[in-house]
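A.B. asks: Contents of coords-v8.cif (mmCIF, C-alpha atoms) are below:
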data_target
loop_
_atom_site.label_atom_id
_atom_site.label_comp_id
_atom_site.auth_asym_id
_atom_site.auth_seq_id
_atom_site.Cartn_x
_atom_site.Cartn_y
_atom_site.Cartn_z
CA MET A 1 0.00 0.00 0.00
CA ALA A 2 1.34 3.41 -0.94
CA PRO A 3 1.78 5.77 1.99
CA GLN A 4 -0.67 8.62 2.36
CA SER A 5 0.95 11.93 1.43
CA THR A 6 1.36 14.09 4.52
CA ALA A 7 0.70 17.30 2.60
CA PRO A 8 -0.59 18.01 -0.91
CA ILE A 9 1.98 18.64 -3.62
CA VAL A 10 1.52 22.24 -4.70
CA LEU A 11 1.37 22.35 -8.50
CA ASP A 12 3.39 25.15 -10.04
CA PRO A 13 1.02 27.55 -11.85
CA THR A 14 3.85 28.66 -14.16
CA GLY A 15 4.61 25.14 -15.40
CA ALA A 16 8.32 25.95 -15.22
CA ASP A 17 9.46 22.34 -14.70
CA HIS A 18 6.43 20.27 -15.56
CA HIS A 19 8.40 17.16 -16.51
CA GLY A 20 10.10 17.13 -13.12
CA GLU A 21 6.77 17.77 -11.42
CA HIS A 22 5.10 14.92 -13.29
CA GLN A 23 7.91 12.57 -12.27
CA GLN A 24 7.38 13.65 -8.67
CA LEU A 25 3.65 12.91 -8.94
CA ARG A 26 4.26 9.44 -10.39
CA GLY A 27 6.73 8.77 -7.57
CA HIS A 28 3.86 8.90 -5.08
CA GLY A 29 1.98 6.03 -6.70
CA SER A 30 -1.13 5.90 -8.84
CA ALA A 31 -2.74 8.95 -7.21
CA VAL A 32 -1.61 11.67 -4.84
CA ARG A 33 -3.16 14.71 -3.24
CA VAL A 34 -2.26 18.00 -4.89
CA ASP A 35 -3.00 21.68 -4.44
CA VAL A 36 -4.39 23.29 -7.61
CA LEU A 37 -4.25 27.05 -7.05
CA GLY A 38 -5.52 26.59 -3.51
CA VAL A 39 -8.00 23.78 -4.20
CA SER A 40 -7.32 20.23 -3.02
CA ALA A 41 -7.62 17.39 -5.53
CA TRP A 42 -6.31 13.92 -6.33
CA SER A 43 -3.85 13.88 -9.22
CA VAL A 44 -4.16 10.54 -11.02
CA THR A 45 -1.07 9.60 -13.06
CA ASP A 46 -1.41 5.83 -13.46
CA PRO A 47 -2.88 5.28 -16.96
CA ALA A 48 -4.82 2.13 -16.06
CA LEU A 49 -6.41 3.75 -13.01
CA LEU A 50 -7.06 6.95 -14.92
CA LYS A 51 -8.83 5.10 -17.75
CA ASN A 52 -10.93 3.27 -15.16
CA LEU A 53 -11.96 6.48 -13.44
CA LEU A 54 -12.67 8.25 -16.74
CA THR A 55 -15.20 5.56 -17.65
CA SER A 56 -16.70 5.01 -14.20
CA PRO A 57 -20.23 6.21 -13.33
CA ASP A 58 -18.77 6.90 -9.88
CA VAL A 59 -16.89 9.88 -11.33
CA SER A 60 -18.68 13.03 -12.51
CA LYS A 61 -17.73 16.30 -14.20
CA ASP A 62 -20.78 18.11 -12.79
CA ALA A 63 -19.34 20.30 -10.04
CA ARG A 64 -22.71 21.76 -9.09
CA ALA A 65 -24.15 18.33 -8.37
CA HIS A 66 -21.12 16.49 -7.00
CA TRP A 67 -18.67 18.98 -5.48
CA PRO A 68 -19.90 20.07 -2.03
CA THR A 69 -17.65 23.14 -1.98
CA PHE A 70 -18.58 24.31 -5.48
CA SER A 71 -20.55 27.42 -4.49
CA GLU A 72 -17.77 28.52 -2.16
CA VAL A 73 -14.84 27.74 -4.47
CA VAL A 74 -16.17 29.49 -7.57
CA GLN A 75 -16.24 32.80 -5.74
CA THR A 76 -12.46 33.03 -5.51
CA TRP A 77 -10.83 30.24 -7.55
CA PRO A 78 -9.01 31.44 -10.69
CA LEU A 79 -10.15 28.31 -12.55
CA ALA A 80 -13.83 28.81 -11.70
CA LEU A 81 -14.78 28.87 -15.39
CA TRP A 82 -13.44 25.32 -15.82
CA VAL A 83 -16.05 23.95 -13.41
CA GLY A 84 -18.78 26.56 -13.77
CA VAL A 85 -19.67 26.30 -17.46
CA SER A 86 -22.89 24.64 -18.63
CA ASN A 87 -21.88 22.49 -21.56
CA MET A 88 -20.79 19.01 -22.56
CA PHE A 89 -17.47 19.49 -20.74
CA THR A 90 -19.13 19.59 -17.31
CA ALA A 91 -22.23 17.50 -17.99
CA TYR A 92 -22.98 14.14 -16.39
CA GLY A 93 -25.26 11.26 -17.34
CA SER A 94 -28.25 12.02 -19.56
CA ASP A 95 -27.36 15.71 -19.86
CA HIS A 96 -23.97 14.77 -21.30
CA ARG A 97 -25.50 12.35 -23.77
CA ARG A 98 -28.03 14.97 -24.92
CA LEU A 99 -25.42 17.67 -25.45
CA ARG A 100 -22.95 15.34 -27.18
CA ARG A 101 -25.66 14.18 -29.61
CA MET A 102 -26.32 17.76 -30.61
CA ILE A 103 -22.67 18.69 -31.11
CA ALA A 104 -21.29 15.50 -32.69
CA PRO A 105 -22.43 16.33 -36.27
CA ALA A 106 -19.98 19.26 -36.32
CA PHE A 107 -17.09 16.80 -36.22
CA SER A 108 -18.42 13.94 -38.32
CA ALA A 109 -16.01 12.14 -40.63
CA ARG A 110 -17.72 13.75 -43.63
CA ARG A 111 -17.44 17.27 -42.23
CA VAL A 112 -13.79 16.83 -41.27
CA ALA A 113 -13.03 15.45 -44.75
CA GLU A 114 -14.70 18.53 -46.25
CA LEU A 115 -12.36 20.71 -44.18
CA ALA A 116 -9.20 19.07 -45.55
CA GLY A 117 -9.06 21.44 -48.50
CA VAL A 118 -9.74 24.43 -46.26
CA VAL A 119 -6.85 23.47 -43.98
CA GLU A 120 -4.53 22.89 -46.92
CA ASN A 121 -5.35 26.29 -48.41
CA ILE A 122 -4.83 28.12 -45.12
CA VAL A 123 -1.45 26.51 -44.50
CA THR A 124 -0.35 27.11 -48.09
CA ALA A 125 -1.24 30.81 -47.84
CA ILE A 126 0.70 31.12 -44.58
CA LEU A 127 3.76 29.42 -46.09
CA ASP A 128 3.54 31.51 -49.27
CA ASP A 129 3.87 34.58 -47.06
CA LEU A 130 6.79 33.10 -45.15
CA ASP A 131 8.49 32.13 -48.40
CA THR A 132 9.06 35.80 -49.21
CA LEU A 133 11.34 36.26 -46.19
CA PRO A 134 15.11 36.41 -46.73
CA ALA A 135 17.33 33.47 -45.82
CA GLY A 136 18.67 33.57 -42.29
CA GLU A 137 15.91 35.78 -40.90
CA THR A 138 14.54 34.71 -37.51
CA ILE A 139 10.77 34.45 -37.21
CA GLU A 140 8.44 33.43 -34.40
CA LEU A 141 6.75 30.32 -35.81
CA ARG A 142 4.20 29.92 -33.02
CA GLU A 143 2.90 33.36 -33.97
CA ARG A 144 3.28 32.92 -37.73
CA LEU A 145 1.89 29.35 -38.14
CA ALA A 146 0.82 27.55 -34.96
CA TYR A 147 -1.60 30.33 -33.98
CA PRO A 148 -3.16 31.47 -37.26
CA LEU A 149 -4.01 28.02 -38.64
CA PRO A 150 -6.26 26.73 -35.81
CA ILE A 151 -7.95 30.08 -35.23
CA ALA A 152 -8.72 30.36 -38.96
CA VAL A 153 -10.08 26.79 -39.11
CA ILE A 154 -12.28 27.09 -36.03
CA GLY A 155 -13.34 30.56 -37.19
CA HIS A 156 -14.38 29.08 -40.52
CA LEU A 157 -16.24 26.22 -38.84
CA MET A 158 -18.01 28.39 -36.27
CA GLY A 159 -18.62 31.40 -38.48
CA VAL A 160 -16.46 33.82 -36.48
CA PRO A 161 -15.75 36.84 -38.73
CA ALA A 162 -12.08 37.26 -39.59
CA ASP A 163 -11.88 40.65 -37.91
CA GLN A 164 -13.11 39.17 -34.60
CA ARG A 165 -10.77 36.18 -34.40
CA THR A 166 -7.89 38.07 -32.80
CA GLY A 167 -10.21 39.18 -30.02
CA PHE A 168 -11.38 35.62 -29.40
CA ARG A 169 -7.79 34.45 -29.37
CA ALA A 170 -6.81 36.90 -26.64
CA VAL A 171 -9.60 35.90 -24.25
CA VAL A 172 -9.24 32.16 -24.94
CA ASP A 173 -5.52 32.37 -24.19
CA GLY A 174 -6.48 33.91 -20.86
CA VAL A 175 -8.67 30.94 -19.93
CA PHE A 176 -5.60 28.68 -19.99
CA ASP A 177 -3.29 31.11 -18.17
CA THR A 178 -2.98 29.84 -14.58
CA THR A 179 -0.74 32.68 -13.41
CA ARG A 180 -3.62 35.18 -13.26
CA SER A 181 -5.51 36.14 -10.12
CA SER A 182 -9.19 35.35 -9.65
CA ASP A 183 -10.07 39.01 -10.36
CA GLU A 184 -8.05 38.98 -13.57
CA GLN A 185 -9.71 35.75 -14.67
CA ALA A 186 -13.17 37.12 -13.82
CA ALA A 187 -12.48 40.14 -16.01
CA ASN A 188 -11.25 37.88 -18.82
CA THR A 189 -14.39 35.73 -18.51
CA ALA A 190 -16.58 38.83 -18.79
CA ARG A 191 -14.79 39.85 -22.01
CA LEU A 192 -15.11 36.30 -23.34
CA TYR A 193 -18.87 36.16 -22.76
CA GLN A 194 -19.27 39.59 -24.30
CA ALA A 195 -17.59 38.31 -27.45
CA LEU A 196 -19.73 35.16 -27.48
CA ASP A 197 -22.94 37.12 -26.96
CA GLY A 198 -21.99 39.35 -29.88
CA LEU A 199 -21.41 36.33 -32.12
CA ILE A 200 -24.74 34.75 -31.11
CA ALA A 201 -26.63 37.99 -31.73
CA ALA A 202 -25.05 38.36 -35.17
CA LYS A 203 -25.90 34.80 -36.18
CA ARG A 204 -29.47 35.08 -34.90
CA ALA A 205 -29.89 38.18 -37.05
CA GLU A 206 -28.21 36.66 -40.12
CA PRO A 207 -27.88 32.85 -39.89
CA GLY A 208 -25.40 31.04 -42.12
CA GLU A 209 -24.22 27.51 -42.76
CA ASP A 210 -21.71 27.71 -39.90
CA MET A 211 -21.94 25.68 -36.69
CA THR A 212 -22.93 28.66 -34.55
CA SER A 213 -26.03 29.16 -36.67
CA LEU A 214 -26.77 25.45 -36.68
CA LEU A 215 -26.43 25.18 -32.90
CA ILE A 216 -28.77 28.12 -32.41
CA ALA A 217 -31.37 26.27 -34.46
CA ALA A 218 -30.56 22.77 -33.19
CA ARG A 219 -33.13 20.56 -31.51
CA ASP A 220 -32.47 17.26 -29.77
CA ASP A 221 -34.19 14.82 -32.13
CA ASP A 222 -33.35 11.83 -29.93
CA GLY A 223 -34.47 13.38 -26.64
CA ASP A 224 -37.18 15.81 -25.64
CA GLY A 225 -36.92 17.89 -28.78
CA ARG A 226 -35.73 21.02 -27.03
CA GLY A 227 -32.73 23.04 -28.06
CA LEU A 228 -29.79 24.40 -26.13
CA SER A 229 -30.60 26.80 -23.32
CA ASP A 230 -29.02 30.24 -23.54
CA ALA A 231 -26.34 29.23 -21.03
CA GLU A 232 -25.69 25.93 -22.82
CA LEU A 233 -25.42 27.67 -26.19
CA ARG A 234 -22.94 30.23 -24.92
CA ASP A 235 -20.84 27.68 -23.09
CA THR A 236 -20.95 25.18 -25.95
CA LEU A 237 -19.55 27.83 -28.29
CA LEU A 238 -16.91 28.59 -25.66
CA LEU A 239 -15.96 24.92 -25.54
CA MET A 240 -15.79 24.47 -29.30
CA ILE A 241 -13.79 27.64 -29.97
CA SER A 242 -11.34 27.20 -27.07
CA ALA A 243 -10.81 23.44 -27.39
CA GLY A 244 -10.63 23.69 -31.17
CA TYR A 245 -8.02 26.41 -31.09
CA GLU A 246 -5.70 26.52 -28.06
CA THR A 247 -4.90 22.81 -27.90
CA THR A 248 -4.04 22.51 -31.59
CA VAL A 249 -1.71 25.51 -31.36
CA ASN A 250 0.31 23.75 -28.69
CA VAL A 251 0.65 20.42 -30.49
CA ILE A 252 1.83 22.12 -33.70
CA ASP A 253 4.35 24.04 -31.59
CA GLN A 254 5.53 20.92 -29.77
CA ALA A 255 5.75 18.78 -32.92
CA ILE A 256 7.93 21.33 -34.70
CA SER A 257 10.25 21.80 -31.72
CA LEU A 258 10.57 18.04 -31.21
CA LEU A 259 11.47 17.44 -34.86
CA LEU A 260 14.02 20.25 -34.84
CA THR A 261 15.68 18.91 -31.68
CA HIS A 262 15.60 15.32 -32.99
CA PRO A 263 16.89 15.62 -36.56
CA GLU A 264 17.27 11.87 -36.90
CA GLN A 265 13.50 11.52 -36.41
CA LEU A 266 12.79 14.21 -38.98
CA ALA A 267 15.11 12.41 -41.40
CA HIS A 268 12.99 9.25 -41.06
CA VAL A 269 9.89 11.13 -42.21
CA LEU A 270 11.57 13.03 -45.01
CA ALA A 271 13.06 9.75 -46.27
CA GLY A 272 9.66 8.04 -46.19
CA ARG A 273 10.53 5.62 -43.38
CA ALA A 274 7.68 7.06 -41.29
CA ASP A 275 4.78 9.38 -42.02
CA TRP A 276 3.45 12.59 -40.52
CA ASN A 277 0.71 10.76 -38.64
CA ASP A 278 3.46 8.93 -36.73
CA VAL A 279 4.87 12.31 -35.72
CA VAL A 280 1.45 13.55 -34.64
CA GLU A 281 0.72 10.56 -32.42
CA GLU A 282 4.15 10.49 -30.79
CA THR A 283 3.94 14.23 -30.12
CA LEU A 284 0.50 13.78 -28.57
CA ARG A 285 1.92 11.06 -26.36
CA LEU A 286 5.11 12.80 -25.29
CA GLU A 287 3.91 16.42 -25.16
CA PRO A 288 0.09 16.50 -25.03
CA ALA A 289 -1.59 19.88 -25.38
CA VAL A 290 -3.15 19.58 -21.92
CA LYS A 291 -1.01 18.58 -18.94
CA HIS A 292 -3.71 18.47 -16.25
CA LEU A 293 -7.45 18.75 -16.94
CA PRO A 294 -9.61 20.16 -14.14
CA MET A 295 -11.82 18.74 -12.72
CA ARG A 296 -13.79 15.56 -11.96
CA PHE A 297 -15.54 14.54 -8.72
CA ALA A 298 -16.15 11.34 -6.82
CA VAL A 299 -19.87 10.53 -6.75
CA THR A 300 -19.21 7.96 -4.02
CA ASP A 301 -16.20 6.78 -2.03
CA ILE A 302 -13.69 5.20 -4.41
CA THR A 303 -11.12 2.76 -3.05
CA LEU A 304 -7.96 2.69 -5.12
CA PRO A 305 -5.90 -0.45 -5.80
CA ASP A 306 -3.20 0.77 -3.37
CA GLY A 307 -5.69 1.11 -0.55
CA GLN A 308 -6.14 4.88 -0.62
CA THR A 309 -9.67 6.26 -0.78
CA ILE A 310 -10.96 9.16 -2.79
CA ALA A 311 -13.87 10.27 -0.64
CA GLN A 312 -17.27 11.19 -2.03
CA GLY A 313 -17.21 14.82 -3.20
CA GLU A 314 -13.44 15.07 -3.53
CA ALA A 315 -11.98 16.52 -6.72
CA ILE A 316 -9.96 14.47 -9.21
CA LEU A 317 -7.37 15.93 -11.58
CA ALA A 318 -6.71 13.95 -14.76
CA SER A 319 -2.94 14.31 -15.14
CA TYR A 320 -2.71 13.28 -18.77
CA ALA A 321 0.88 14.33 -19.46
CA ALA A 322 2.24 12.40 -16.48
CA ALA A 323 0.19 9.33 -17.42
CA ASN A 324 1.36 9.44 -21.05
CA ARG A 325 4.99 9.07 -19.92
CA HIS A 326 4.30 6.40 -17.34
CA PRO A 327 7.06 3.76 -17.54
CA GLY A 328 4.50 1.08 -16.78
CA TRP A 329 2.81 1.95 -20.06
CA HIS A 330 5.69 2.83 -22.38
CA GLY A 331 8.68 1.24 -20.67
CA GLU A 332 12.14 2.66 -20.15
CA THR A 333 11.85 4.84 -23.28
CA ALA A 334 8.69 6.60 -22.11
CA ASP A 335 10.54 9.94 -22.03
CA THR A 336 12.03 9.47 -25.51
CA PHE A 337 10.69 10.97 -28.74
CA ASP A 338 10.50 8.00 -31.09
CA ILE A 339 8.13 8.21 -34.06
CA SER A 340 8.82 4.55 -34.89
CA ARG A 341 7.50 3.47 -31.48
CA VAL A 342 5.23 0.45 -31.91
CA GLY A 343 2.73 1.51 -29.27
CA LYS A 344 1.90 5.21 -29.38
CA ASP A 345 -1.21 4.94 -27.21
CA HIS A 346 -1.95 8.07 -25.21
CA LEU A 347 -4.60 10.02 -23.36
CA ALA A 348 -4.03 13.36 -25.07
CA PHE A 349 -7.68 13.52 -26.17
CA GLY A 350 -9.08 12.01 -23.01
CA HIS A 351 -10.82 8.67 -22.72
CA GLY A 352 -14.34 7.28 -22.52
CA ILE A 353 -17.52 9.30 -22.95
CA HIS A 354 -15.64 12.61 -22.73
CA PHE A 355 -13.15 11.71 -25.48
CA CYS A 356 -12.55 14.85 -27.54
CA LEU A 357 -14.95 15.11 -30.48
CA GLY A 358 -12.51 17.37 -32.29
CA ALA A 359 -9.64 14.86 -32.31
CA PRO A 360 -9.90 14.02 -36.06
CA LEU A 361 -9.86 17.72 -37.00
CA ALA A 362 -6.90 18.44 -34.72
CA ARG A 363 -4.96 15.52 -36.20
CA LEU A 364 -5.74 16.78 -39.72
CA GLU A 365 -4.51 20.31 -38.93
CA ILE A 366 -1.30 19.15 -37.25
CA ALA A 367 -0.34 16.61 -39.92
CA THR A 368 -1.13 19.02 -42.77
CA SER A 369 0.87 21.87 -41.24
CA LEU A 370 3.91 19.65 -40.64
CA ARG A 371 3.82 18.06 -44.09
CA LEU A 372 3.59 21.36 -45.91
CA LEU A 373 5.99 23.24 -43.62
CA PHE A 374 8.86 20.75 -43.89
CA GLY A 375 8.10 20.11 -47.55
CA ARG A 376 8.60 23.83 -48.19
CA PHE A 377 11.41 24.43 -45.69
CA PRO A 378 13.39 21.19 -45.16
CA GLN A 379 16.32 23.21 -43.71
CA LEU A 380 14.17 24.75 -40.98
CA GLU A 381 16.13 25.19 -37.74
CA LEU A 382 15.70 26.55 -34.24
CA ALA A 383 17.09 30.05 -33.84
CA VAL A 384 17.90 29.54 -30.13
CA PRO A 385 19.27 26.62 -28.11
CA ALA A 386 16.50 24.21 -27.16
CA ASP A 387 16.97 24.87 -23.45
CA GLN A 388 16.01 28.51 -24.04
CA LEU A 389 12.48 27.60 -25.11
CA ARG A 390 10.29 28.69 -22.19
CA PRO A 391 7.00 26.97 -21.29
CA LEU A 392 3.69 28.79 -21.21
CA GLY A 393 2.62 30.11 -17.83
CA SER A 394 0.11 27.36 -17.24
CA LEU A 395 -0.35 24.11 -15.38
CA ILE A 396 -2.96 23.21 -18.02
CA SER A 397 -1.59 24.20 -21.45
CA ASN A 398 1.60 22.59 -22.72
CA GLY A 399 3.37 24.81 -25.20
CA HIS A 400 6.13 27.36 -25.50
CA GLN A 401 5.93 31.10 -25.02
CA VAL A 402 7.67 31.61 -28.35
CA LEU A 403 9.17 29.36 -31.03
CA PRO A 404 11.93 31.28 -32.85
CA VAL A 405 13.21 29.60 -36.00
CA ARG A 406 15.07 30.24 -39.23
CA LEU A 407 13.33 28.93 -42.32
CA ARG A 408 16.61 28.70 -44.23
CA PRO A 409 20.25 29.09 -43.25
CA ALA A 410 21.75 32.49 -43.94
CA ALA A 411 23.11 32.86 -47.48
CA ALA A 412 26.80 32.06 -47.79
#
Have the structure of the file written as structure tokens, please.
C.D. replies:
Amino acid sequence: MAPQSTAPIVLDPTGADHHGEHQQLRGHGSAVRVDVLGVSAWSVTDPALLKNLLTSPDVSKDARAHWPTFSEVVQTWPLALWVGVSNMFTAYGSDHRRLRRMIAPAFSARRVAELAGVVENIVTAILDDLDTLPAGETIELRERLAYPLPIAVIGHLMGVPADQRTGFRAVVDGVFDTTRSSDEQAANTARLYQALDGLIAAKRAEPGEDMTSLLIAARDDDGDGRGLSDAELRDTLLLMISAGYETTVNVIDQAISLLLTHPEQLAHVLAGRADWNDVVEETLRLEPAVKHLPMRFAVTDITLPDGQTIAQGEAILASYAAANRHPGWHGETADTFDISRVGKDHLAFGHGIHFCLGAPLARLEIATSLRLLFGRFPQLELAVPADQLRPLGSLISNGHQVLPVRLRPAAA
């Protein structure tokens, strides 16, 4: 039996050494108490246990129903939005099934396939612009590629006008920033809802073929026939725009930096010994977009295999990044970037009924951007030493603050 931790491990809101922190969490067994910006939770890092909890009816995402301290915590917790929204992300039981049914058509295989050409055109236009830059010039590739592609794709899908996408980007970035105070986050949330309300009003006045218009008009054909409530509509749009944008930015960023710091792996792809999908899956395993996902709650007492008990009403933190590198899952090379790895299984998109609906679209965007980027600029290189790449200020998001590169070596 693993010993009970005497005090919670305080998670670093800046994410400065997340790999070291994840190793520390795994060292305490399958689950350990942590402090998440002042809130106590169980961090679960064992992949088998985590999968079990993610599919168990004894675990809920509905904080209002299953977190006794919800009303108190949301008054002051910087991550209140993560547990306070009314959408598929926080729904439990029949409510979750109803909301997922209504949203799933947006990410059907047919709709994603239709977006392939859109993604290709967006990336090509971005690279055409970059192609005009002189050899040897340093550019910030997170800003020039990793950001604009996902925000353009989700903007196209949701019908967000081009001149409003920068505004959405700013407030969505704030949702994932865990270095802000509760007052700063409350102000950011107010700006976010103002932007969402403006989008809804515009689409009600002039509906289109975009998903915002379709969700406004949607009715649950398999349930009671009603549509989304005003709160559900707002928060569903929040979920689709934020999850469809921020996470993809980070995986594009991480995939590029991993390939540039592992040239032998890049050589495998360029020589045809592996494909871009291999790169995508190994990146998702090694550096998932989300490190920790708040929050789930025990519906009843849950006894863990090591004898510890997660009591009814206690919070559970899905520590995906730590689980993905668990040596019990991926062996001694769990910390190694290896695109030829036989088993690339991971939890980057979650597991069970809350598995990310947007996973196929994210995979399409990442693979397309990598294929076209390195096809155009095979001599791409980092413009700073790898150890100078700084992580985002977040215990949730897993990306870099900036990604400076040179598209081509300086002319001789």
A.B. asks: Given the file shown, determine the residues that the PyMOL selection byres ((chain A and resi 109) around 12) selects; report them as a PyMOL selection string.
C.D. replies: chain A and resi 104-108+110-116+357-361+364
A.B. asks: Selection in question (the file shown): the PyMOL selection byres ((chain A and resi 36-46) around 8). Which residues does it include, as JSON, numbers by chain?
C.D. replies: {"A": [8, 10, 11, 13, 25, 26, 29, 30, 31, 32, 33, 34, 35, 47, 48, 49, 50, 73, 77, 78, 310, 314, 315, 316, 317, 318, 319, 320, 322, 323, 326]}
A.B. asks: Apply the PyMOL selection byres ((chain A and resi 130) around 12) to the displayed file and report the matching residues as a PyMOL selection string.
C.D. replies: chain A and resi 123-129+131-135+137-141+143-145+373+376-377+380+405-408
A.B. asks: Measuring atom to atom with all atoms listed in the file, identify which of A:Asp210, A:Glu365, A:Glu282, A:Asp230 is nearest to A:His330.
C.D. replies: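 Looking at the shortest contact to A:His330, the residue is A:Glu282.
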A.B. asks: Which is closest to A:Thr247 among A:Val171, A:Val342, A:Val160, A:Ala289, if we use only C-alpha atoms?
C.D. replies: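 Going through A:Val171, A:Val342, A:Val160, A:Ala289 one by one, the smallest distance to A:Thr247 is for A:Ala289.
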A.B. asks: Just the number, please: distance in Å from atom CA of A:Asn398 to atom CA of A:Asp335, one decimal.
C.D. replies: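 About the pair atom CA of A:Asn398 and atom CA of A:Asp335: they are 15.5 Å apart.
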A.B. asks: Quick one: everything within 12 Å of A:Val249, counting all atoms listed in the file, minus sequence neighbours fewer than 5 positions away in the same chain. Send it as a VMD selection string.
C.D. replies: chain A and resid 141 to 154 169 172 to 173 242 to 244 254 to 256 288 to 290 362 to 363 365 to 366 369 392 397 to 403
A.B. asks: For A:Gln164, find every residue with an atom within 10 Å (counting all atoms listed in the file), except residues of its own chain fewer than 6 positions away, and show them as a PyMOL selection string.
C.D. replies: chain A and resi 155+195+199
A.B. asks: Between A:Ala16, A:Pro327, A:Gly117, A:Leu304, which has the minimum distance to A:Leu389 (counting only C-alpha atoms)?
C.D. replies: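 Among the listed residues, A:Ala16 lies closest to A:Leu389.
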A.B. asks: I need the residue nearest A:Asp12 from this list: A:Lys291, A:Asn121, A:Gln312, A:Ser60. Use all atoms listed in the file for the distance.
C.D. replies: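 Closest candidate: A:Lys291.
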A.B. asks: In Å, rounded to a single decimal, give me how far atom CA of A:Ile9 is from atom CA of A:Trp67.
C.D. replies: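 These two atoms are separated by 20.7 Å.
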A.B. asks: For a test of reading the model, state the distance in Å between atom CA of A:Asp197 and atom CA of A:Arg234, rounded to one decimal.
C.D. replies: 7.2 Å
A.B. asks: Could you write out as JSON the box around stretch 194-203 of chain A (axis-aligned, all atoms listed in the file, 5 Å on each side), with centre and edge lengths in Å to one decimal?
C.D. replies:
{"center_x": -22.1, "center_y": 37.2, "center_z": -30.2, "size_x": 19.0, "size_y": 14.8, "size_z": 21.9}
A.B. asks: Find, counting all atoms listed in the file, the residue in A:Asn87, A:Thr178, A:Ser56, A:Thr69 that gets nearest to A:Ser394.
C.D. replies: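 Closest to A:Ser394 of all the choices is A:Thr178.
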A.B. asks: When distances are computed from only C-alpha atoms, which of A:Ser86, A:Asp58, A:His22, A:Leu286 shows the smallest separation from A:Thr303?
C.D. replies: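 Selected residue with least distance to A:Thr303: A:Asp58.
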A.B. asks: Which polymer residues have any atom within 9 Å of an atom of A:Thr261, counting all atoms listed in the file, with same-chain residues fewer than 4 positions away left out, as a list in words?
C.D. replies: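 Selected residues are Ile256, Ser257, Glu381, Leu382 and Ala386 of chain A.
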A.B. asks: Given the selection you just returned, output its residues as a file containing C-alpha atoms, formatted as a PDB file, in the frame of the given file.
C.D. replies:
ATOM      1  CA  ILE A 256       7.930  21.330 -34.700  1.00  0.00           C
ATOM      2  CA  SER A 257      10.250  21.800 -31.720  1.00  0.00           C
ATOM      3  CA  GLU A 381      16.130  25.190 -37.740  1.00  0.00           C
ATOM      4  CA  LEU A 382      15.700  26.550 -34.240  1.00  0.00           C
ATOM      5  CA  ALA A 386      16.500  24.210 -27.160  1.00  0.00           C
TER       6      ALA A 386
END
